[in-house]
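Structure file run-v5.txt (compact mmCIF, C-alpha atoms and all ligand atoms) is printed below.
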```txt
# COMPACT_ATOMS: atom_id res chain seq x y z
CA MET A 1 205.29 43.04 -19.00
CA HIS A 2 204.69 44.77 -22.31
CA ASN A 3 205.35 42.28 -25.05
CA ILE A 4 203.69 41.57 -28.33
CA ILE A 5 201.02 38.92 -27.94
CA VAL A 6 201.99 36.06 -30.26
CA ASN A 7 198.72 34.22 -30.00
CA ASN A 8 195.49 34.93 -28.30
CA TYR A 9 194.48 32.15 -25.95
CA SER A 10 192.14 34.32 -23.94
CA LYS A 11 189.56 31.55 -23.65
CA HIS A 12 192.12 28.88 -22.76
CA ILE A 13 193.31 27.43 -19.49
CA ALA A 14 197.12 27.74 -19.79
CA ILE A 15 199.06 24.93 -18.16
CA ILE A 16 202.76 25.58 -17.47
CA GLY A 17 204.66 22.28 -17.58
CA ALA A 18 203.97 18.99 -19.37
CA GLY A 19 204.75 16.70 -16.45
CA ILE A 20 202.43 14.40 -14.53
CA SER A 21 200.02 17.03 -13.23
CA GLY A 22 200.09 19.19 -16.39
CA LEU A 23 199.41 16.35 -18.82
CA ALA A 24 196.75 14.79 -16.57
CA LEU A 25 194.94 18.12 -16.22
CA GLY A 26 195.22 18.76 -19.97
CA LEU A 27 193.67 15.37 -20.65
CA ILE A 28 190.77 15.93 -18.24
CA LEU A 29 189.96 19.37 -19.65
CA LYS A 30 190.32 18.31 -23.27
CA LYS A 31 187.91 15.43 -22.72
CA ALA A 32 185.38 17.95 -21.41
CA ASN A 33 185.96 20.28 -24.39
CA ILE A 34 187.33 23.04 -22.20
CA PRO A 35 189.89 25.08 -24.19
CA VAL A 36 193.35 24.28 -22.89
CA VAL A 37 196.96 24.71 -23.97
CA ILE A 38 200.13 23.35 -22.38
CA PHE A 39 203.49 25.20 -22.42
CA GLU A 40 206.60 23.07 -21.86
CA LYS A 41 210.16 24.35 -21.57
CA SER A 42 211.80 21.24 -23.09
CA ASN A 43 211.62 20.21 -26.73
CA ASP A 44 209.74 17.00 -25.86
CA ILE A 45 208.10 15.29 -22.90
CA SER A 46 210.46 14.04 -20.22
CA ASP A 47 212.69 11.08 -21.03
CA TYR A 48 214.08 10.49 -17.53
CA GLY A 49 214.79 6.82 -17.12
CA ALA A 50 213.78 6.88 -13.46
CA GLY A 51 211.20 4.60 -11.89
CA ILE A 52 207.99 5.62 -10.17
CA SER A 53 205.50 3.72 -8.02
CA ILE A 54 201.84 4.61 -8.13
CA SER A 55 199.86 3.48 -5.10
CA SER A 56 196.13 2.77 -5.07
CA ASN A 57 195.11 6.43 -4.63
CA GLY A 58 197.02 7.30 -7.83
CA ILE A 59 195.76 4.13 -9.55
CA LYS A 60 192.18 5.33 -8.99
CA VAL A 61 192.98 8.49 -10.96
CA LEU A 62 194.56 6.48 -13.80
CA LYS A 63 191.32 4.48 -13.94
CA TYR A 64 189.13 7.61 -13.97
CA LEU A 65 191.28 8.91 -16.83
CA ASN A 66 190.79 5.61 -18.68
CA ILE A 67 194.51 5.06 -19.05
CA TYR A 68 195.08 2.39 -16.43
CA ASP A 69 195.14 -0.50 -18.95
CA GLU A 70 197.63 1.30 -21.15
CA VAL A 71 199.96 2.10 -18.24
CA ILE A 72 199.79 -1.39 -16.78
CA ALA A 73 200.59 -2.94 -20.18
CA PHE A 74 204.10 -1.44 -19.94
CA SER A 75 204.52 -1.70 -16.18
CA LYS A 76 204.59 -4.12 -13.28
CA ASN A 77 202.06 -4.74 -10.55
CA PRO A 78 203.99 -6.26 -7.62
CA LYS A 79 201.80 -7.98 -5.08
CA GLU A 80 204.07 -7.78 -2.05
CA ALA A 81 206.46 -5.34 -0.41
CA VAL A 82 209.14 -7.16 1.54
CA TYR A 83 210.92 -5.26 4.32
CA PHE A 84 214.38 -6.02 5.65
CA SER A 85 216.33 -4.57 8.54
CA GLY A 86 219.92 -4.74 7.39
CA ASN A 87 219.80 -8.03 5.48
CA LYS A 88 217.31 -9.71 7.77
CA LYS A 89 213.71 -10.01 6.62
CA ILE A 90 211.19 -8.30 8.92
CA ASN A 91 207.90 -9.01 7.15
CA ASN A 92 206.05 -8.81 3.86
CA PHE A 93 202.95 -6.75 3.18
CA ILE A 94 200.28 -7.06 0.50
CA VAL A 95 200.28 -3.97 -1.71
CA ASP A 96 198.22 -2.55 -4.55
CA VAL A 97 200.71 -0.64 -6.63
CA ILE A 98 201.94 -0.04 -10.17
CA THR A 99 205.68 0.24 -10.56
CA THR A 100 206.79 1.72 -13.85
CA SER A 101 209.15 4.13 -15.52
CA ARG A 102 208.38 7.83 -15.60
CA GLN A 103 208.74 7.69 -19.36
CA THR A 104 205.82 5.25 -19.57
CA LEU A 105 203.55 7.38 -17.43
CA TYR A 106 204.41 10.60 -19.30
CA LYS A 107 204.09 8.87 -22.68
CA VAL A 108 200.63 7.43 -21.98
CA LEU A 109 199.33 10.74 -20.62
CA TYR A 110 200.81 12.61 -23.59
CA SER A 111 199.56 10.26 -26.29
CA ASN A 112 196.03 10.34 -24.87
CA TYR A 113 196.10 14.14 -24.75
CA LYS A 114 197.39 14.29 -28.33
CA GLN A 115 194.75 11.83 -29.54
CA LEU A 116 192.15 14.40 -28.50
CA ASP A 117 194.07 17.06 -30.51
CA GLY A 118 195.43 18.52 -27.30
CA GLU A 119 197.65 21.53 -27.97
CA ILE A 120 201.14 21.62 -26.51
CA LEU A 121 203.82 24.22 -27.20
CA PHE A 122 207.34 22.88 -26.60
CA ASN A 123 210.43 25.09 -26.18
CA HIS A 124 208.38 27.46 -24.06
CA GLN A 125 210.23 28.26 -20.86
CA LEU A 126 208.22 30.53 -18.63
CA ASN A 127 209.78 33.92 -18.08
CA ASP A 128 207.15 36.03 -16.41
CA ILE A 129 203.50 36.06 -15.42
CA ASP A 130 201.20 39.02 -15.16
CA THR A 131 198.35 37.69 -13.04
CA ASN A 132 196.35 40.92 -13.36
CA ARG A 133 196.46 41.17 -17.15
CA LEU A 134 196.47 37.36 -17.49
CA GLU A 135 199.52 37.38 -19.73
CA ILE A 136 202.35 34.90 -19.73
CA ASN A 137 205.74 35.50 -21.25
CA PHE A 138 208.33 32.95 -22.36
CA THR A 139 212.00 33.14 -23.25
CA GLY A 140 212.37 34.58 -26.74
CA ASN A 141 209.75 37.21 -25.82
CA LYS A 142 206.76 35.15 -26.79
CA SER A 143 203.68 36.32 -24.92
CA TYR A 144 200.15 34.97 -24.67
CA LYS A 145 196.93 36.24 -23.23
CA VAL A 146 195.03 33.47 -21.43
CA ASN A 147 191.91 32.83 -19.36
CA HIS A 148 193.61 31.22 -16.35
CA ILE A 149 197.11 29.98 -15.49
CA VAL A 150 197.84 26.61 -13.88
CA ALA A 151 201.34 26.12 -12.51
CA CYS A 152 202.42 22.51 -13.11
CA ASP A 153 206.10 23.32 -13.51
CA GLY A 154 207.48 20.98 -10.91
CA ILE A 155 209.75 21.16 -7.91
CA LYS A 156 211.70 24.25 -9.01
CA SER A 157 208.58 26.07 -10.12
CA SER A 158 209.18 29.48 -11.68
CA CYS A 159 205.51 30.23 -11.01
CA ARG A 160 206.01 29.56 -7.29
CA LYS A 161 209.01 31.93 -7.26
CA LYS A 162 206.66 34.62 -8.45
CA ILE A 163 204.84 34.54 -5.10
CA ASP A 164 207.53 33.17 -2.72
CA SER A 165 210.57 34.92 -4.14
CA ASN A 166 212.73 35.09 -1.01
CA LYS A 167 212.47 31.55 0.28
CA ASP A 168 215.39 29.37 -0.77
CA PRO A 169 215.00 25.62 -0.19
CA LEU A 170 217.16 24.06 2.53
CA TYR A 171 219.12 20.86 2.08
CA SER A 172 217.28 18.19 4.07
CA GLY A 173 220.37 16.13 4.91
CA TYR A 174 219.05 13.33 2.67
CA SER A 175 220.23 12.44 -0.80
CA VAL A 176 218.87 9.88 -3.20
CA TRP A 177 220.77 7.58 -5.53
CA ARG A 178 218.93 6.01 -8.41
CA ALA A 179 219.63 3.56 -11.20
CA ILE A 180 217.77 1.33 -13.61
CA VAL A 181 219.38 -2.10 -13.90
CA ASP A 182 218.80 -5.19 -16.03
CA LYS A 183 217.36 -7.67 -13.58
CA LYS A 184 214.28 -9.78 -12.98
CA GLN A 185 212.40 -9.16 -9.75
CA GLU A 186 208.80 -9.73 -8.74
CA ASN A 187 208.24 -7.81 -5.51
CA ILE A 188 209.19 -4.52 -3.93
CA LYS A 189 212.15 -4.86 -1.58
CA THR A 190 212.93 -2.26 1.06
CA TYR A 191 216.08 -2.44 3.16
CA LEU A 192 216.10 -0.29 6.28
CA GLY A 193 219.56 0.49 7.58
CA THR A 194 221.40 2.90 9.81
CA ASN A 195 221.16 6.28 8.14
CA HIS A 196 220.00 4.86 4.83
CA HIS A 197 217.26 2.88 3.18
CA ILE A 198 217.14 1.17 -0.18
CA VAL A 199 214.13 0.34 -2.31
CA SER A 200 214.13 -1.76 -5.44
CA TYR A 201 211.15 -2.65 -7.59
CA PRO A 202 210.54 -4.07 -11.06
CA ILE A 203 209.45 -1.60 -13.74
CA THR A 204 209.29 -4.13 -16.59
CA ASN A 205 209.85 -7.90 -16.86
CA SER A 206 213.58 -7.35 -17.14
CA LYS A 207 214.35 -4.03 -15.47
CA VAL A 208 214.51 -2.96 -11.86
CA SER A 209 214.50 0.52 -10.38
CA PHE A 210 217.00 0.95 -7.57
CA VAL A 211 216.69 3.88 -5.16
CA ALA A 212 218.93 4.44 -2.14
CA VAL A 213 218.22 7.26 0.28
CA VAL A 214 221.19 8.22 2.43
CA LYS A 215 221.73 10.70 5.20
CA THR A 216 224.69 12.73 4.10
CA SER A 217 226.17 16.16 4.37
CA GLY A 218 227.01 15.77 0.67
CA ASN A 219 224.67 18.58 -0.36
CA TYR A 220 223.93 17.07 -3.75
CA GLN A 221 222.13 19.08 -6.39
CA GLU A 222 218.38 18.82 -6.82
CA SER A 223 218.37 17.38 -10.31
CA TRP A 224 217.35 14.18 -12.08
CA ARG A 225 220.34 14.44 -14.38
CA THR A 226 223.30 14.74 -12.01
CA ALA A 227 225.46 11.68 -12.54
CA GLY A 228 227.34 10.07 -9.65
CA THR A 229 230.08 7.47 -9.49
CA TYR A 230 230.04 3.95 -8.12
CA ALA A 231 232.80 4.92 -5.66
CA GLU A 232 230.66 7.77 -4.29
CA LEU A 233 227.67 5.45 -3.95
CA ARG A 234 229.73 2.88 -2.06
CA ASN A 235 231.06 5.61 0.14
CA ASP A 236 227.54 6.88 0.91
CA LEU A 237 226.38 3.31 1.60
CA CYS A 238 229.44 2.18 3.50
CA HIS A 239 227.24 0.85 6.33
CA SER A 240 225.34 -1.37 3.95
CA ASN A 241 226.69 -4.70 2.80
CA HIS A 242 223.79 -5.73 0.74
CA GLU A 243 223.17 -7.93 -2.30
CA PHE A 244 222.56 -5.02 -4.67
CA PHE A 245 226.30 -4.60 -5.02
CA SER A 246 226.07 -7.83 -7.00
CA PHE A 247 224.07 -6.10 -9.73
CA ILE A 248 225.28 -2.51 -9.40
CA ASN A 249 228.82 -1.92 -10.49
CA GLU A 250 231.17 0.64 -12.06
CA LYS A 251 229.34 0.35 -15.38
CA THR A 252 225.85 1.12 -14.00
CA PRO A 253 224.70 4.64 -14.89
CA LEU A 254 224.04 6.23 -11.49
CA PHE A 255 222.32 9.49 -10.63
CA LYS A 256 222.14 11.38 -7.36
CA TRP A 257 219.52 13.85 -6.17
CA GLY A 258 219.69 16.13 -3.15
CA VAL A 259 216.40 16.30 -1.26
CA TYR A 260 215.54 19.88 -0.32
CA ILE A 261 212.89 21.13 2.05
CA ARG A 262 210.68 24.08 1.30
CA PRO A 263 208.46 26.02 3.69
CA PRO A 264 205.07 24.35 4.24
CA VAL A 265 202.48 25.51 1.73
CA LYS A 266 199.87 27.93 2.94
CA ASN A 267 197.93 28.37 -0.25
CA LEU A 268 197.42 26.67 -3.58
CA VAL A 269 196.02 29.64 -5.42
CA TYR A 270 197.15 33.20 -5.99
CA LYS A 271 194.93 35.57 -7.96
CA ASN A 272 194.44 33.92 -11.39
CA LEU A 273 197.12 31.34 -10.78
CA THR A 274 196.50 27.82 -9.41
CA PHE A 275 199.27 25.46 -8.29
CA LEU A 276 199.31 21.70 -8.84
CA GLY A 277 201.79 18.92 -8.10
CA ASP A 278 205.32 19.70 -6.92
CA ALA A 279 204.88 23.37 -7.84
CA ALA A 280 202.15 23.51 -5.22
CA HIS A 281 203.55 21.26 -2.52
CA PRO A 282 207.03 19.80 -2.92
CA ILE A 283 207.35 16.87 -0.50
CA VAL A 284 210.20 14.60 0.51
CA PRO A 285 209.98 11.32 -1.47
CA PHE A 286 209.86 8.78 1.39
CA ILE A 287 206.41 7.35 0.82
CA GLY A 288 206.40 7.74 -2.97
CA GLN A 289 203.50 10.17 -3.09
CA GLY A 290 204.61 13.22 -5.09
CA GLY A 291 203.41 11.81 -8.42
CA CYS A 292 200.24 10.38 -6.86
CA LEU A 293 199.39 13.76 -5.33
CA ALA A 294 200.05 15.38 -8.72
CA LEU A 295 197.47 13.01 -10.27
CA GLU A 296 194.98 13.67 -7.46
CA ASP A 297 195.43 17.46 -7.80
CA ALA A 298 194.83 17.29 -11.55
CA TYR A 299 191.73 15.18 -11.06
CA VAL A 300 190.27 17.47 -8.39
CA PHE A 301 191.05 20.80 -10.04
CA GLY A 302 190.12 19.53 -13.51
CA ASN A 303 186.74 18.30 -12.36
CA LEU A 304 186.05 21.47 -10.37
CA LEU A 305 186.81 23.48 -13.52
CA ILE A 306 184.39 21.31 -15.46
CA LYS A 307 181.75 21.81 -12.79
CA TYR A 308 182.30 25.55 -12.33
CA HIS A 309 183.87 26.61 -15.62
CA SER A 310 182.00 29.89 -15.64
CA ASP A 311 183.32 30.70 -12.16
CA ILE A 312 187.01 29.82 -12.03
CA HIS A 313 187.50 31.55 -8.68
CA LYS A 314 184.95 29.24 -7.13
CA ALA A 315 186.79 26.25 -8.59
CA GLN A 316 190.07 27.63 -7.19
CA ASN A 317 188.68 28.16 -3.69
CA LEU A 318 187.09 24.72 -3.55
CA TYR A 319 190.30 23.14 -4.85
CA GLU A 320 192.31 24.78 -2.10
CA SER A 321 189.89 23.77 0.62
CA LEU A 322 189.66 20.17 -0.66
CA ARG A 323 193.41 19.68 -1.07
CA LEU A 324 195.30 21.66 1.55
CA GLU A 325 194.68 19.44 4.57
CA ARG A 326 195.45 16.26 2.65
CA ILE A 327 198.70 17.66 1.33
CA LYS A 328 199.81 18.77 4.80
CA LYS A 329 199.00 15.33 6.21
CA ILE A 330 200.98 13.52 3.51
CA SER A 331 203.94 15.90 3.84
CA ASN A 332 204.10 15.13 7.56
CA LEU A 333 203.73 11.39 7.02
CA SER A 334 206.52 11.51 4.46
CA LEU A 335 208.92 13.26 6.85
CA ARG A 336 207.99 10.82 9.62
CA GLN A 337 208.68 7.87 7.33
CA GLY A 338 212.16 9.24 6.55
CA PHE A 339 212.85 9.33 10.28
CA LEU A 340 211.52 5.77 10.85
CA ASN A 341 213.39 4.34 7.87
CA HIS A 342 216.73 5.67 9.07
CA LEU A 343 216.64 4.90 12.77
CA SER A 344 220.05 4.17 14.26
CA ASN A 345 219.27 3.77 17.98
CA PRO A 346 219.24 -0.03 18.52
CA LEU A 347 216.28 0.09 20.91
CA LEU A 348 214.16 2.12 18.49
CA VAL A 349 215.21 -0.15 15.63
CA PHE A 350 214.13 -3.16 17.68
CA LEU A 351 210.75 -1.56 18.50
CA ARG A 352 210.11 -0.55 14.88
CA ASN A 353 210.95 -4.04 13.60
CA PHE A 354 208.94 -5.70 16.36
CA ILE A 355 205.82 -3.71 15.43
CA MET A 356 206.32 -4.41 11.72
CA LYS A 357 206.79 -8.12 12.38
CA PHE A 358 204.10 -8.81 14.97
CA PHE A 359 201.60 -5.99 14.38
CA PRO A 360 201.73 -5.52 10.61
CA TYR A 361 198.20 -4.15 10.47
CA PHE A 362 199.13 -1.47 13.00
CA ALA A 363 202.40 -0.70 11.20
CA MET A 364 200.64 -0.03 7.90
CA ARG A 365 197.39 1.40 9.25
CA SER A 366 198.23 5.08 8.97
CA ILE A 367 199.58 4.92 5.41
CA LYS A 368 196.73 2.70 4.28
CA SER A 369 193.90 4.75 5.71
CA ASN A 370 195.37 8.22 5.22
CA VAL A 371 197.17 7.77 1.93
CA TRP A 372 196.18 4.76 -0.16
CA ASN A 373 192.42 4.61 0.53
CA TYR A 374 191.81 8.18 -0.60
CA ASP A 375 189.43 8.55 -3.52
CA PRO A 376 189.36 12.07 -5.04
CA LYS A 377 186.13 11.30 -6.92
CA HIS A 378 184.30 10.86 -3.65
CA TYR A 379 185.12 14.47 -2.69
CA ILE A 380 184.11 15.90 -6.04
CA ASP A 381 180.85 13.95 -6.17
CA ASN A 382 179.89 14.97 -2.65
CA TYR A 383 180.74 18.64 -2.94
CA GLU A 384 177.99 21.00 -3.96
C1 LIG A 401 213.98 10.37 -5.99
C2 LIG A 401 212.51 10.54 -6.16
C3 LIG A 401 211.67 9.44 -6.20
C4 LIG A 401 210.30 9.60 -6.36
N1 LIG A 401 209.50 8.52 -6.39
C5 LIG A 401 208.17 8.67 -6.48
C6 LIG A 401 207.30 7.56 -6.48
O1 LIG A 401 207.74 6.41 -6.41
N2 LIG A 401 205.96 7.77 -6.55
C7 LIG A 401 205.42 9.03 -6.66
O2 LIG A 401 204.19 9.17 -6.71
N3 LIG A 401 206.23 10.12 -6.69
C8 LIG A 401 207.56 9.98 -6.60
N4 LIG A 401 208.38 11.07 -6.63
C9 LIG A 401 207.79 12.41 -6.82
C10 LIG A 401 207.34 12.68 -8.26
O3 LIG A 401 208.38 12.44 -9.16
C11 LIG A 401 206.93 14.14 -8.44
O4 LIG A 401 206.19 14.53 -7.31
C12 LIG A 401 206.08 14.34 -9.70
O5 LIG A 401 206.85 14.12 -10.85
C13 LIG A 401 205.52 15.77 -9.72
O6 LIG A 401 204.75 15.95 -10.88
P1 LIG A 401 204.56 17.43 -11.43
O7 LIG A 401 203.56 17.38 -12.49
O8 LIG A 401 204.32 18.38 -10.30
O9 LIG A 401 205.99 17.85 -11.99
P2 LIG A 401 206.89 17.14 -13.09
O10 LIG A 401 206.36 15.81 -13.46
O11 LIG A 401 208.28 17.24 -12.58
O12 LIG A 401 206.74 18.07 -14.37
C14 LIG A 401 207.15 19.42 -14.40
C15 LIG A 401 207.21 19.86 -15.87
O13 LIG A 401 207.33 21.28 -15.94
C16 LIG A 401 208.33 21.61 -16.90
N5 LIG A 401 208.85 22.95 -16.53
C17 LIG A 401 209.64 23.24 -15.46
N6 LIG A 401 209.90 24.55 -15.43
C18 LIG A 401 209.26 25.10 -16.50
C19 LIG A 401 209.17 26.43 -17.00
N7 LIG A 401 209.79 27.47 -16.40
N8 LIG A 401 208.43 26.65 -18.14
C20 LIG A 401 207.80 25.60 -18.76
N9 LIG A 401 207.87 24.33 -18.33
C21 LIG A 401 208.58 24.08 -17.21
C22 LIG A 401 209.34 20.50 -16.77
O14 LIG A 401 210.18 20.39 -17.91
C23 LIG A 401 208.43 19.28 -16.60
O15 LIG A 401 208.03 18.74 -17.83
C24 LIG A 401 209.76 10.91 -6.47
C25 LIG A 401 210.60 12.03 -6.45
C26 LIG A 401 211.96 11.85 -6.28
C27 LIG A 401 212.85 13.05 -6.23
```
Take the structure in the file and give it back as structure tokens.
Ligand SMILES: Cc1cc2nc3c(=O)[nH]c(=O)nc-3n(C[C@H](O)[C@H](O)[C@H](O)COP(=O)(O)OP(=O)(O)OC[C@H]3O[C@@H](n4cnc5c(N)ncnc54)[C@H](O)[C@@H]3O)c2cc1C
Amino acid sequence: MHNIIVNNYSKHIAIIGAGISGLALGLILKKANIPVVIFEKSNDISDYGAGISISSNGIKVLKYLNIYDEVIAFSKNPKEAVYFSGNKKINNFIVDVITTSRQTLYKVLYSNYKQLDGEILFNHQLNDIDTNRLEINFTGNKSYKVNHIVACDGIKSSCRKKIDSNKDPLYSGYSVWRAIVDKKQENIKTYLGTNHHIVSYPITNSKVSFVAVVKTSGNYQESWRTAGTYAELRNDLCHSNHEFFSFINEKTPLFKWGVYIRPPVKNLVYKNLTFLGDAAHPIVPFIGQGGCLALEDAYVFGNLLIKYHSDIHKAQNLYESLRLERIKKISNLSLRQGFLNHLSNPLLVFLRNFIMKFFPYFAMRSIKSNVWNYDPKHYIDNYE
């Protein structure tokens, strides 16, 4: 890579991608007066109308970032998750969760970063990285010299391709339909069905996020923006006869997303490059943890950088050792949940529902203790 250096950021941490992990990390570093710059390929922060749920582990990070109140002001905080098998209620569970739109989360992170004069360069799509010379190059031949590179460029990370070039993702057999509809709803509703499950939750007082995961050979693209038709949705959900067809119709803007599986992550760092969020560990979205993990990663790596800013390699190594096991555990739990949600064998369905109905504590124990109760601050505070 021999390009003209447009700007010298040799003291800056360069973040590639202004998504959840990139903006959260930028905010943490900016607050600590560590020089940081974010490069984003789009001309603005994301405007996807999709919903996102943030469970208590992610909520803790929002609180540490002092943005919880701002997020909650534009979001919902359902108190219960109600589970159905087909159309029959199994049980309801108390939850601690924020359900919101991605736009809201991105906007709050971005506006807080900007309020601290955080620097962000839009229209910067990463082209190449030279991890030895610490140079990054973007389309249009703009190059920058930086102090460290943090890959926060999401599920199709160009940074990840730099080190895993030959590994194409495999279609998981699952696809996801999503829509935002005008509707009032208080709680989270999850319908478990044969080869599909459907989740709906409120994201404002008058809007509901609808997500349907179906097992299909459809091989849909991995993209937030691929539109689908009502007829295709009905075809994919032909085994479901549920109430949502009363509020989803031909006029509802529908989007479909193919879920792809990537090889399990072995490392989160490579030379002067550190991976966060989906760029580090893409996971299947069955327990709604990708965004929460992105927040946790940003919190952990950001605070390690603050603690060891004169020794970035130390911060990188500690980050990897603090995060890798947790990420592997959540990836496995997520895959397991996909399997449990889509059971078709009547005996297994009966057993699953029986446990959820009569042993709710047992049914939720693993997710609660392994996923929701996690507090990243505890690990930072106790690590010397
Ligand atoms: C259907 C579905 C439902 C989900 N539901 C939930 C949920 O309920 N709860 C939850 O916690 N998680 C959920 N997730 C996962 C969550 O959306 C992601 O894990 C999260 O957005 C990852 O954050 P990130 O910072 O890694 O990447 P992103 O937020 O995706 O940000 C990546 C950024 O990098 C930019 N970028 C990409 N390439 C380049 C490049 N070459 N150069 C410069 N910039 C670049 C992009 O434009 C984008 O701004 C869901 C995922 C799916 C697919």
* To do: Could you pull out the residues sitting within 6 Å of ligand LIG 401 (chain A), using all atoms listed in the file, and write them as a count of residues only?
  => 34
Output as JSON lines one row per residue of segment 290-365 of chain A within 8 Å of segment 84-103 of chain A: the closest atom pair and its distance in Å to one decimal place, counting only C-alpha atoms, sorted by chain and residue number ascending.
```
{"residue": "A:Asn353", "atom": "CA", "partner": "A:Ile90", "partner_atom": "CA", "distance": 6.3}
{"residue": "A:Met356", "atom": "CA", "partner": "A:Asn91", "partner_atom": "CA", "distance": 6.7}
{"residue": "A:Lys357", "atom": "CA", "partner": "A:Asn91", "partner_atom": "CA", "distance": 5.4}
{"residue": "A:Pro360", "atom": "CA", "partner": "A:Phe93", "partner_atom": "CA", "distance": 7.6}
```
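We find atom CA of Pro346 of chain A and atom CA of Ser175 of chain A to be spaced 23.0 Å apart.
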* What residues have an atom no more than 10 Å from (204.7, 16.8, -28.2) in the file's own frame, counting only C-alpha atoms, and can you write them as JSON, numbers by chain? -> {"A": [18, 38, 40, 42, 43, 44, 45, 107, 110, 111, 113, 114, 118, 119, 120, 121, 122]}
* Residues at most 7 Å from Asn195 of chain A, counting all atoms listed in the file, excluding those fewer than 4 positions away in the same chain, as a ChimeraX atom specification? -> /A:214-215,342-344
